[in-house]
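Shown below: protein_3.cif, with mmCIF, C-alpha atoms.
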data_target
#
loop_
_atom_site.group_PDB
_atom_site.id
_atom_site.type_symbol
_atom_site.label_atom_id
_atom_site.label_comp_id
_atom_site.auth_asym_id
_atom_site.auth_seq_id
_atom_site.Cartn_x
_atom_site.Cartn_y
_atom_site.Cartn_z
ATOM 1 C CA MET A 1 20.358 -217.620 -77.287
ATOM 2 C CA GLY A 2 16.594 -216.997 -76.779
ATOM 3 C CA THR A 3 16.150 -219.689 -74.134
ATOM 4 C CA GLN A 4 12.980 -219.890 -72.140
ATOM 5 C CA ALA A 5 14.798 -219.540 -68.843
ATOM 6 C CA ASP A 6 17.654 -217.039 -68.990
ATOM 7 C CA SER A 7 18.735 -217.019 -65.365
ATOM 8 C CA ILE A 8 17.801 -217.807 -61.812
ATOM 9 C CA VAL A 9 17.555 -214.777 -59.578
ATOM 10 C CA ASN A 10 18.441 -215.531 -55.975
ATOM 11 C CA ASN A 11 17.125 -213.046 -53.408
ATOM 12 C CA SER A 12 19.490 -214.119 -50.622
ATOM 13 C CA ASP A 13 22.636 -212.152 -49.796
ATOM 14 C CA GLU A 14 25.632 -213.445 -51.756
ATOM 15 C CA SER A 15 27.913 -213.076 -48.732
ATOM 16 C CA ASN A 16 25.878 -215.675 -46.815
ATOM 17 C CA ASP A 17 26.749 -219.352 -46.997
ATOM 18 C CA ASN A 18 25.147 -221.066 -50.015
ATOM 19 C CA SER A 19 23.584 -223.685 -47.726
ATOM 20 C CA LYS A 20 21.384 -220.962 -46.208
ATOM 21 C CA THR A 21 19.743 -220.248 -49.548
ATOM 22 C CA ASP A 22 15.993 -220.380 -49.180
ATOM 23 C CA VAL A 23 14.447 -222.273 -52.080
ATOM 24 C CA ALA A 24 11.175 -220.388 -51.613
ATOM 25 C CA ASN A 25 12.921 -217.120 -52.493
ATOM 26 C CA GLU A 26 14.177 -218.335 -55.863
ATOM 27 C CA LYS A 27 12.527 -216.699 -58.840
ATOM 28 C CA LEU A 28 12.890 -217.425 -62.494
ATOM 29 C CA LEU A 29 13.389 -214.788 -65.132
ATOM 30 C CA VAL A 30 11.478 -215.967 -68.179
ATOM 31 C CA ASP A 31 11.992 -214.563 -71.639
ATOM 32 C CA VAL A 32 8.465 -214.226 -73.056
ATOM 33 C CA GLY A 33 9.004 -212.273 -76.213
ATOM 34 C CA SER A 34 12.590 -211.458 -77.026
ATOM 35 C CA THR A 35 15.010 -213.568 -79.002
ATOM 36 C CA THR A 36 18.250 -212.258 -77.504
ATOM 37 C CA LYS A 37 19.531 -211.689 -73.996
ATOM 38 C CA GLU A 38 20.068 -207.994 -74.651
ATOM 39 C CA ASP A 39 16.356 -207.391 -75.326
ATOM 40 C CA SER A 40 14.885 -208.456 -71.981
ATOM 41 C CA SER A 41 12.251 -205.716 -71.689
ATOM 42 C CA ASP A 42 9.427 -208.259 -72.126
ATOM 43 C CA ALA A 43 10.736 -210.619 -69.420
ATOM 44 C CA THR A 44 8.491 -211.405 -66.473
ATOM 45 C CA VAL A 45 9.394 -212.805 -63.083
ATOM 46 C CA PHE A 46 7.396 -215.616 -61.507
ATOM 47 C CA GLU A 47 7.702 -217.922 -58.544
ATOM 48 C CA TYR A 48 7.615 -221.672 -58.807
ATOM 49 C CA PRO A 49 4.573 -223.231 -57.144
ATOM 50 C CA PRO A 50 5.314 -224.868 -53.779
ATOM 51 C CA ASN A 51 6.421 -228.480 -53.792
ATOM 52 C CA PRO A 52 3.351 -230.624 -52.984
ATOM 53 C CA MET A 53 5.467 -233.373 -51.421
ATOM 54 C CA LEU A 54 6.633 -231.086 -48.618
ATOM 55 C CA GLU A 55 3.055 -230.546 -47.404
ATOM 56 C CA ALA A 56 1.740 -234.040 -48.222
ATOM 57 C CA PRO A 57 0.576 -236.292 -45.391
ATOM 58 C CA LEU A 58 2.436 -239.537 -44.762
ATOM 59 C CA LEU A 59 -0.223 -241.712 -46.403
ATOM 60 C CA SER A 60 -0.164 -239.561 -49.536
ATOM 61 C CA ARG A 61 3.609 -239.925 -49.708
ATOM 62 C CA PHE A 62 3.423 -243.664 -49.146
ATOM 63 C CA LEU A 63 0.750 -244.178 -51.814
ATOM 64 C CA PHE A 64 2.419 -241.635 -54.135
ATOM 65 C CA GLN A 65 -0.704 -239.474 -54.412
ATOM 66 C CA TRP A 66 1.001 -236.131 -53.798
ATOM 67 C CA PRO A 67 1.847 -235.444 -57.496
ATOM 68 C CA TYR A 68 -1.736 -236.181 -58.621
ATOM 69 C CA LYS A 69 -2.634 -232.556 -59.443
ATOM 70 C CA LEU A 70 0.488 -232.110 -61.555
ATOM 71 C CA LEU A 71 -0.105 -235.413 -63.353
ATOM 72 C CA GLN A 72 -3.734 -234.458 -63.977
ATOM 73 C CA LEU A 73 -2.624 -231.102 -65.406
ATOM 74 C CA GLY A 74 -0.152 -232.960 -67.623
ATOM 75 C CA MET A 75 -2.984 -235.107 -68.961
ATOM 76 C CA GLU A 76 -5.018 -232.012 -69.859
ATOM 77 C CA ARG A 77 -2.228 -230.092 -71.602
ATOM 78 C CA PRO A 78 1.537 -230.150 -72.040
ATOM 79 C CA LEU A 79 3.368 -228.993 -68.928
ATOM 80 C CA THR A 80 5.425 -225.826 -69.056
ATOM 81 C CA GLN A 81 8.209 -224.677 -66.788
ATOM 82 C CA ILE A 82 5.734 -222.486 -64.922
ATOM 83 C CA ASP A 83 3.766 -225.620 -63.908
ATOM 84 C CA LEU A 84 6.710 -227.390 -62.297
ATOM 85 C CA PRO A 85 7.028 -227.041 -58.504
ATOM 86 C CA GLN A 86 10.053 -225.948 -56.520
ATOM 87 C CA ILE A 87 12.563 -228.629 -55.747
ATOM 88 C CA ALA A 88 12.692 -229.934 -52.211
ATOM 89 C CA PRO A 89 15.392 -228.302 -50.061
ATOM 90 C CA ASP A 90 17.067 -231.690 -49.543
ATOM 91 C CA ASP A 91 17.460 -232.028 -53.314
ATOM 92 C CA THR A 92 19.256 -228.732 -53.864
ATOM 93 C CA SER A 93 22.843 -228.757 -55.031
ATOM 94 C CA SER A 94 23.998 -226.774 -51.986
ATOM 95 C CA VAL A 95 22.724 -229.435 -49.572
ATOM 96 C CA ASN A 96 24.182 -232.251 -51.647
ATOM 97 C CA ARG A 97 27.501 -230.455 -51.946
ATOM 98 C CA LYS A 98 27.606 -230.008 -48.178
ATOM 99 C CA ILE A 99 27.048 -233.767 -47.757
ATOM 100 C CA LEU A 100 29.749 -234.533 -50.313
ATOM 101 C CA ASP A 101 32.172 -232.186 -48.552
ATOM 102 C CA GLU A 102 31.467 -233.904 -45.223
ATOM 103 C CA ILE A 103 32.027 -237.411 -46.526
ATOM 104 C CA TRP A 104 35.177 -236.289 -48.346
ATOM 105 C CA GLU A 105 36.559 -234.718 -45.152
ATOM 106 C CA LYS A 106 35.862 -237.976 -43.287
ATOM 107 C CA GLU A 107 37.686 -239.900 -46.013
ATOM 108 C CA LEU A 108 40.655 -237.534 -45.804
ATOM 109 C CA LYS A 109 40.864 -238.013 -42.029
ATOM 110 C CA LYS A 110 40.476 -241.782 -42.243
ATOM 111 C CA ASN A 111 42.853 -242.356 -45.178
ATOM 112 C CA PRO A 112 45.176 -239.346 -45.460
ATOM 113 C CA GLU A 113 47.765 -241.187 -47.590
ATOM 114 C CA ASN A 114 45.343 -242.710 -50.083
ATOM 115 C CA PRO A 115 41.929 -240.982 -50.127
ATOM 116 C CA ARG A 116 39.412 -242.258 -52.702
ATOM 117 C CA LEU A 117 36.248 -240.402 -53.599
ATOM 118 C CA HIS A 118 34.494 -243.499 -54.879
ATOM 119 C CA ARG A 119 35.125 -245.280 -51.571
ATOM 120 C CA ALA A 120 33.688 -242.352 -49.596
ATOM 121 C CA ILE A 121 30.591 -242.154 -51.813
ATOM 122 C CA LEU A 122 30.064 -245.925 -51.633
ATOM 123 C CA LYS A 123 30.266 -245.912 -47.828
ATOM 124 C CA TYR A 124 27.736 -243.081 -47.655
ATOM 125 C CA PHE A 125 25.441 -244.821 -50.122
ATOM 126 C CA ILE A 126 25.485 -248.063 -48.148
ATOM 127 C CA LYS A 127 24.919 -246.268 -44.834
ATOM 128 C CA SER A 128 22.080 -244.123 -46.150
ATOM 129 C CA LEU A 129 20.218 -246.980 -47.864
ATOM 130 C CA TRP A 130 20.905 -249.891 -45.509
ATOM 131 C CA TYR A 131 17.199 -250.427 -44.795
ATOM 132 C CA VAL A 132 16.309 -250.784 -48.484
ATOM 133 C CA GLN A 133 18.768 -253.580 -49.219
ATOM 134 C CA PRO A 134 16.969 -256.335 -47.238
ATOM 135 C CA LEU A 135 13.648 -255.300 -48.777
ATOM 136 C CA GLN A 136 15.139 -255.480 -52.273
ATOM 137 C CA CYS A 137 16.553 -258.917 -51.471
ATOM 138 C CA ILE A 138 13.151 -260.141 -50.243
ATOM 139 C CA SER A 139 11.492 -258.739 -53.357
ATOM 140 C CA THR A 140 13.960 -260.506 -55.639
ATOM 141 C CA VAL A 141 13.561 -263.820 -53.824
ATOM 142 C CA ALA A 142 9.764 -263.453 -53.983
ATOM 143 C CA LYS A 143 9.908 -262.945 -57.766
ATOM 144 C CA VAL A 144 12.030 -266.066 -58.210
ATOM 145 C CA VAL A 145 9.755 -268.131 -55.951
ATOM 146 C CA GLN A 146 6.717 -266.790 -57.788
ATOM 147 C CA SER A 147 8.063 -267.879 -61.173
ATOM 148 C CA VAL A 148 8.972 -271.350 -59.847
ATOM 149 C CA ALA A 149 5.517 -271.658 -58.271
ATOM 150 C CA LEU A 150 3.911 -270.660 -61.577
ATOM 151 C CA GLY A 151 5.805 -273.442 -63.341
ATOM 152 C CA SER A 152 4.714 -275.929 -60.679
ATOM 153 C CA LEU A 153 1.107 -274.735 -60.967
ATOM 154 C CA ILE A 154 1.180 -275.313 -64.716
ATOM 155 C CA GLU A 155 2.569 -278.819 -64.104
ATOM 156 C CA THR A 156 -0.369 -279.590 -61.795
ATOM 157 C CA PHE A 157 -2.754 -278.745 -64.637
ATOM 158 C CA GLU A 158 -0.997 -281.326 -66.828
ATOM 159 C CA SER A 159 -1.174 -284.016 -64.133
ATOM 160 C CA ASP A 160 -4.256 -285.048 -62.204
ATOM 161 C CA SER A 161 -3.117 -283.892 -58.757
ATOM 162 C CA GLY A 162 -5.555 -281.048 -58.096
ATOM 163 C CA GLU A 163 -4.718 -280.679 -54.399
ATOM 164 C CA SER A 164 -1.238 -279.232 -54.867
ATOM 165 C CA GLY A 165 -2.555 -276.690 -57.400
ATOM 166 C CA TYR A 166 -4.173 -274.727 -54.572
ATOM 167 C CA VAL A 167 -0.898 -274.640 -52.691
ATOM 168 C CA TRP A 168 1.024 -273.298 -55.691
ATOM 169 C CA ALA A 169 -1.696 -270.753 -56.433
ATOM 170 C CA SER A 170 -1.549 -269.495 -52.842
ATOM 171 C CA VAL A 171 2.258 -269.271 -53.060
ATOM 172 C CA ILE A 172 1.909 -267.141 -56.203
ATOM 173 C CA VAL A 173 -0.593 -264.841 -54.486
ATOM 174 C CA GLY A 174 1.566 -264.652 -51.359
ATOM 175 C CA CYS A 175 4.635 -263.667 -53.364
ATOM 176 C CA ALA A 176 2.665 -261.056 -55.270
ATOM 177 C CA VAL A 177 1.592 -259.297 -52.056
ATOM 178 C CA ARG A 178 5.180 -258.603 -50.852
#

In structure tokens, how does this file's structure come out?
Amino acid sequence: MGTQADSIVNNSDESNDNSKTDVANEKLLVDVGSTTKEDSSDATVFEYPPNPMLEAPLLSRFLFQWPYKLLQLGMERPLTQIDLPQIAPDDTSSVNRKILDEIWEKELKKNPENPRLHRAILKYFIKSLWYVQPLQCISTVAKVVQSVALGSLIETFESDSGESGYVWASVIVGCAVR
């Protein structure tokens, strides 16, 4: 019973659509001293810190530098729930449920006799990540070529053909750059 986080208090009007919930208005009721839910006189309300990724410049996102302050704090001391930032609005369950409802409605319209949730989710997954698939394929091929080139480089050390060693070494470096 005496959990650290008893409930999430949402300041938005319950009659509004859940998708309009503002993540910035969410507050957490933390139980700081009591051991039961009935004794919540010591509870305090706090706001999550803002999500650093939402304000991060493009280069910081690309180089994954936006969580540096949180990681540095985690190196200094164990992180608590108070240290964790708000989730991004695109990662909330209301947004994801809205997306799921949309793809399910499309599946119902397209296949009214035999709708399949897994088919709808797979189509959405492929459409939303189409640009990653060729990059993953290139990365996999580069790893295979790199391992073959490493074997060929080792073979050049065993034989006396020093010229081809430079070629295999450059192939290894080229595959590592990706």

Name all residues at most 12 Å from segment 70-79 of chain A (count all atoms listed in the file; drop same-chain ones fewer than 2 positions away) and give them as a PyMOL selection string. chain A and resi 49-53+64-68+81-85

Of A:Val132, A:Ile138, A:Ile172, A:Leu117, the one nearest to Gly151 of chain A when counting all atoms listed in the file is A:Ile172

Residues within 12 Å of segment 143-147 of chain A, please, as JSON, numbers by chain. Count all atoms listed in the file; anything in the same chain fewer than 6 positions from it doesn't count. {"A": [136, 137, 153, 154, 168, 169, 170, 171, 172, 173, 174, 175, 176, 177, 178]}

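The residues returned by the PyMOL selection byres ((chain A and resi 88) around 9) on the shown structure are Val23, Asn51, Met53, Leu54, Pro85, Gln86, Ile87, Pro89, Asp90, Asp91 and Thr92 of chain A.
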
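For the atom pair formed by atom CA of Gly165 of chain A and atom CA of Leu150 of chain A, the distance is 9.8 Å, given to one decimal.
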
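Residues with any atom within 8 Å of segment 118-122 of chain A, counting all atoms listed in the file and excluding same-chain neighbours fewer than 4 positions away, are A:Leu100, A:Ile103, A:Trp104, A:Lys106, A:Glu107, A:Ile126.
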
Just how far from atom CA of Tyr124 of chain A is atom CA of Val141 of chain A, in Å to one decimal? 25.9 Å
